[in-house]
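**Q** Input: one structure, supplied below.
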Amino acid sequence: MAKDSTFRNEFIQNACFRMDESLRMVTICLNKLDERVIWKKPNTSTNSIGNLILHLCGNITQYGIASLQGLDDNRNRDEEFETLSGYAKSELLQKLSETVETAKQSFSNAPDDELTKKRSVQGFEFSGIGNIVHVVEHFSYHTGQIALWTKILNNQDLGFYDGIDLTVKNED
């Protein structure tokens with residue numbers, strides 16, 4: 001059982017680290033943007049940063065909180081994309097930060113049987129582990145979109161890894 005516990009702890013720890021990393025990057029992006037561009041859309045087939053953050057909050061809540069905790073699924077996905085304003089960037093960041101923190105607690109507190117239990121979310125069948133993987137990768141995917149849109153708007157490097165030598169080779 002100790003081996004299972006070690007795997008579980010390592011998995012949850014890394015999932016939470018990745019959530020924090022995406023949040024860190026989104027925060028950097030928001031800090032580099034003027035309030036007036038948060039709801040700007042590059043074109044009619046893409047989303048604003050505000051929409052992406054609302055979408056992330058909805059998705060993280062649906063997959064990483066409600067599903068793992070057996071709570072009612074109250075998500076209104078269409079509203080995440082239909083919203084055109086109403087939140088300042090500080091409010092969006094607070095909403096995202098709180099959602100991420102709640103999800104990390106949900107991951108950490110999920111009993112082993114919830115991590116392996118299959119459930120239907122958005123019509124897809126995933127285990128709790130599958131839901132956590134989805135939340136992490138989905139957050140990362142949209143973080144990349146927010147980063148790209150921020151680079152396009154500001155025409156500057158985001159400095160995500162300033163001070164870190166990313167050319168260091170792997171060690172055995």
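Convention: chains lettered A, B, ... in structure tokens order; per-chain residue numbering from 1; ligands numbered from 1 as shown.
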Tell me which protein, DNA and RNA residues are within 10 Å of Phe11 (chain A), counting only C-alpha atoms, leaving out same-chain ones fewer than 6 positions away, and put them as a list in words.
**A**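 Contacts, in chain order: Ser5, Phe17, Phe107, Ser108, Ile129, Ile132 and Val133 of chain A.
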**Q** Using the chain letters and numbers from this document, which residues of chain A does DSSP assign to alpha helix (DSSP H), as a PyMOL selection string?
**A** chain A and resi 2-31+49-60+67-69+77-82+89-109+112-116+128-154
**Q** Show which residues sit within 10 Å of Asp73 (chain A), as a ChimeraX atom specification. Count only C-alpha atoms, and ignore same-chain residues fewer than 2 positions away.
**A** /A:58,61-63,65-67,70-71,75-76,121-122
**Q** With distances taken over only C-alpha atoms, which of A:Thr116, A:Ser90, A:Ser45, A:Thr143 is nearest to Gly130 (chain A)?
**A** A:Thr116
**Q** Measuring between only C-alpha atoms, which one of A:Leu84, A:Ile152, A:Ile60, A:Val168 shows the shortest distance to His134 (chain A)?
**A**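 Closest to His134 (chain A), using only C-alpha atoms: A:Ile60.
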**Q** Set out as a Markdown table a contact list for region 67-170 of chain A and region 23-30 of chain A with a cut-off of 9 Å, giving each residue of region 67-170 of chain A that qualifies its closest atom pair and distance in Å to one decimal, counting only C-alpha atoms, ordered by chain and rising residue number.
**A**
```
| residue | atom | partner | partner_atom | distance |
| --- | --- | --- | --- | --- |
| A:Lys89 | CA | A:Leu30 | CA | 6.8 |
| A:Ser90 | CA | A:Leu30 | CA | 8.4 |
| A:Leu93 | CA | A:Thr27 | CA | 7.0 |
| A:Leu96 | CA | A:Leu23 | CA | 7.8 |
| A:Ser97 | CA | A:Leu23 | CA | 7.1 |
| A:Val100 | CA | A:Leu23 | CA | 7.8 |
| A:Phe139 | CA | A:Leu23 | CA | 8.5 |
| A:Thr143 | CA | A:Val26 | CA | 6.1 |
| A:Gly144 | CA | A:Val26 | CA | 8.9 |
| A:Ile146 | CA | A:Val26 | CA | 6.9 |
| A:Ala147 | CA | A:Cys29 | CA | 6.3 |
| A:Thr150 | CA | A:Cys29 | CA | 6.1 |
| A:Lys151 | CA | A:Cys29 | CA | 8.6 |
| A:Leu158 | CA | A:Cys29 | CA | 7.1 |
| A:Gly159 | CA | A:Ile28 | CA | 8.4 |
| A:Phe160 | CA | A:Met25 | CA | 6.5 |
```
**Q** Just asking: which residues within region 2-172 of chain A are strand (DSSP E or B) according to DSSP, as a PyMOL selection string?
**A** chain A and resi 118-121+124-127
**Q** Keeping N, CA and C atoms, export the residues of the selection given above as an mmCIF file, in the first residue's frame.
**A**
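Writing done, so here's out31.cif:
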```
data_model
loop_
_atom_site.group_PDB
_atom_site.id
_atom_site.type_symbol
_atom_site.label_atom_id
_atom_site.label_comp_id
_atom_site.auth_asym_id
_atom_site.auth_seq_id
_atom_site.Cartn_x
_atom_site.Cartn_y
_atom_site.Cartn_z
ATOM 1 N N LYS A 118 -14.986 5.678 -12.280
ATOM 2 C CA LYS A 118 -15.366 6.257 -13.574
ATOM 3 C C LYS A 118 -16.654 7.050 -13.381
ATOM 4 N N ARG A 119 -16.707 8.185 -14.070
ATOM 5 C CA ARG A 119 -17.905 9.010 -14.025
ATOM 6 C C ARG A 119 -18.035 9.736 -15.344
ATOM 7 N N SER A 120 -19.238 10.191 -15.653
ATOM 8 C CA SER A 120 -19.497 10.924 -16.879
ATOM 9 C C SER A 120 -19.436 12.423 -16.598
ATOM 10 N N VAL A 121 -18.577 13.110 -17.348
ATOM 11 C CA VAL A 121 -18.450 14.560 -17.244
ATOM 12 C C VAL A 121 -18.491 15.093 -18.667
ATOM 13 N N PHE A 124 -18.239 12.600 -21.376
ATOM 14 C CA PHE A 124 -17.047 11.767 -21.486
ATOM 15 C C PHE A 124 -16.920 10.917 -20.223
ATOM 16 N N GLU A 125 -16.389 9.711 -20.373
ATOM 17 C CA GLU A 125 -16.174 8.821 -19.235
ATOM 18 C C GLU A 125 -14.722 8.890 -18.804
ATOM 19 N N PHE A 126 -14.506 9.376 -17.583
ATOM 20 C CA PHE A 126 -13.167 9.477 -17.027
ATOM 21 C C PHE A 126 -13.161 8.988 -15.587
ATOM 22 N N SER A 127 -12.008 8.520 -15.170
ATOM 23 C CA SER A 127 -11.806 8.280 -13.739
ATOM 24 C C SER A 127 -11.479 9.627 -13.103
#
```
**Q** In terms of the shortest atom-to-atom distance over only C-alpha atoms, which of A:Leu56, A:Leu148, A:Leu33, A:Leu68 is closest to Gln105 (chain A)?
**A**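 Checking each candidate against Gln105 (chain A), we get A:Leu68 as the closest.
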**Q** Could you work out how far CA of Ile12 (chain A) lies from CA of Ser106 (chain A), giving the answer in Å with one decimal?
**A** 10.1 Å
**Q** Go through A:Cys57, A:Asp157, A:Ile49, A:Pro42 and flag the residue nearest Thr99 (chain A), using only C-alpha atoms for the distances.
**A** A:Cys57
**Q** Between A:Ala103, A:Leu92, A:Ala15, A:Leu54, which residue has the minimum interatomic distance to Asn31 (chain A), considering only C-alpha atoms?
**A** A:Leu92
**Q** Considering only C-alpha atoms, state which residue in the set A:Gly86, A:Phe7, A:Val135, A:Lys95 is at the smallest distance from Ile53 (chain A).
**A**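 The answer is A:Lys95, which sits nearest to Ile53 (chain A).
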**Q** Which neighbours of Arg77 (chain A) fall inside 9 Å, counting only C-alpha atoms, when residues of the same chain fewer than 2 positions from it are skipped, and could you give them as a compact mmCIF listing (two decimals) with all heavy atoms, in the first residue's frame?
**A**
```
# COMPACT_ATOMS: atom_id res chain seq x y z
N HIS A 55 -14.03 30.57 -18.85
CA HIS A 55 -14.10 29.20 -19.34
C HIS A 55 -13.24 28.27 -18.48
O HIS A 55 -13.67 27.16 -18.13
CB HIS A 55 -13.65 29.15 -20.80
CG HIS A 55 -13.55 27.79 -21.36
ND1 HIS A 55 -14.63 26.94 -21.47
CD2 HIS A 55 -12.48 27.11 -21.85
CE1 HIS A 55 -14.23 25.78 -22.00
NE2 HIS A 55 -12.93 25.87 -22.24
N GLY A 58 -15.02 27.59 -15.23
CA GLY A 58 -16.11 26.64 -15.42
C GLY A 58 -15.63 25.23 -15.60
O GLY A 58 -16.15 24.28 -14.99
N ASN A 59 -14.62 25.04 -16.43
CA ASN A 59 -14.10 23.71 -16.70
C ASN A 59 -13.43 23.10 -15.48
O ASN A 59 -13.65 21.93 -15.16
CB ASN A 59 -13.12 23.78 -17.87
CG ASN A 59 -12.63 22.42 -18.28
OD1 ASN A 59 -11.64 21.93 -17.73
ND2 ASN A 59 -13.30 21.82 -19.24
N ARG A 75 -22.61 24.14 -14.11
CA ARG A 75 -21.88 24.92 -15.12
C ARG A 75 -22.81 25.40 -16.24
O ARG A 75 -23.64 24.65 -16.74
CB ARG A 75 -20.77 24.06 -15.71
CG ARG A 75 -19.91 24.81 -16.70
CD ARG A 75 -18.80 23.94 -17.23
NE ARG A 75 -17.94 24.69 -18.13
CZ ARG A 75 -17.05 24.12 -18.93
NH1 ARG A 75 -16.90 22.81 -18.92
NH2 ARG A 75 -16.32 24.87 -19.72
N GLU A 79 -22.45 30.59 -21.29
CA GLU A 79 -22.28 31.90 -20.68
C GLU A 79 -20.81 32.32 -20.60
O GLU A 79 -20.49 33.50 -20.69
CB GLU A 79 -22.92 31.90 -19.29
CG GLU A 79 -22.98 33.26 -18.63
CD GLU A 79 -23.70 33.18 -17.29
OE1 GLU A 79 -24.94 33.24 -17.30
OE2 GLU A 79 -23.01 33.03 -16.27
N GLU A 80 -19.94 31.34 -20.44
CA GLU A 80 -18.50 31.63 -20.36
C GLU A 80 -18.01 32.35 -21.63
O GLU A 80 -17.12 33.19 -21.57
CB GLU A 80 -17.71 30.33 -20.17
CG GLU A 80 -18.04 29.60 -18.90
CD GLU A 80 -17.64 28.15 -18.89
OE1 GLU A 80 -16.85 27.71 -19.76
OE2 GLU A 80 -18.13 27.42 -18.01
N PHE A 81 -18.61 32.02 -22.77
CA PHE A 81 -18.20 32.59 -24.05
C PHE A 81 -19.07 33.76 -24.49
O PHE A 81 -18.64 34.57 -25.30
CB PHE A 81 -18.19 31.50 -25.12
CG PHE A 81 -17.25 30.38 -24.79
CD1 PHE A 81 -17.73 29.14 -24.40
CD2 PHE A 81 -15.88 30.56 -24.86
CE1 PHE A 81 -16.86 28.11 -24.08
CE2 PHE A 81 -15.00 29.54 -24.54
CZ PHE A 81 -15.50 28.31 -24.15
```
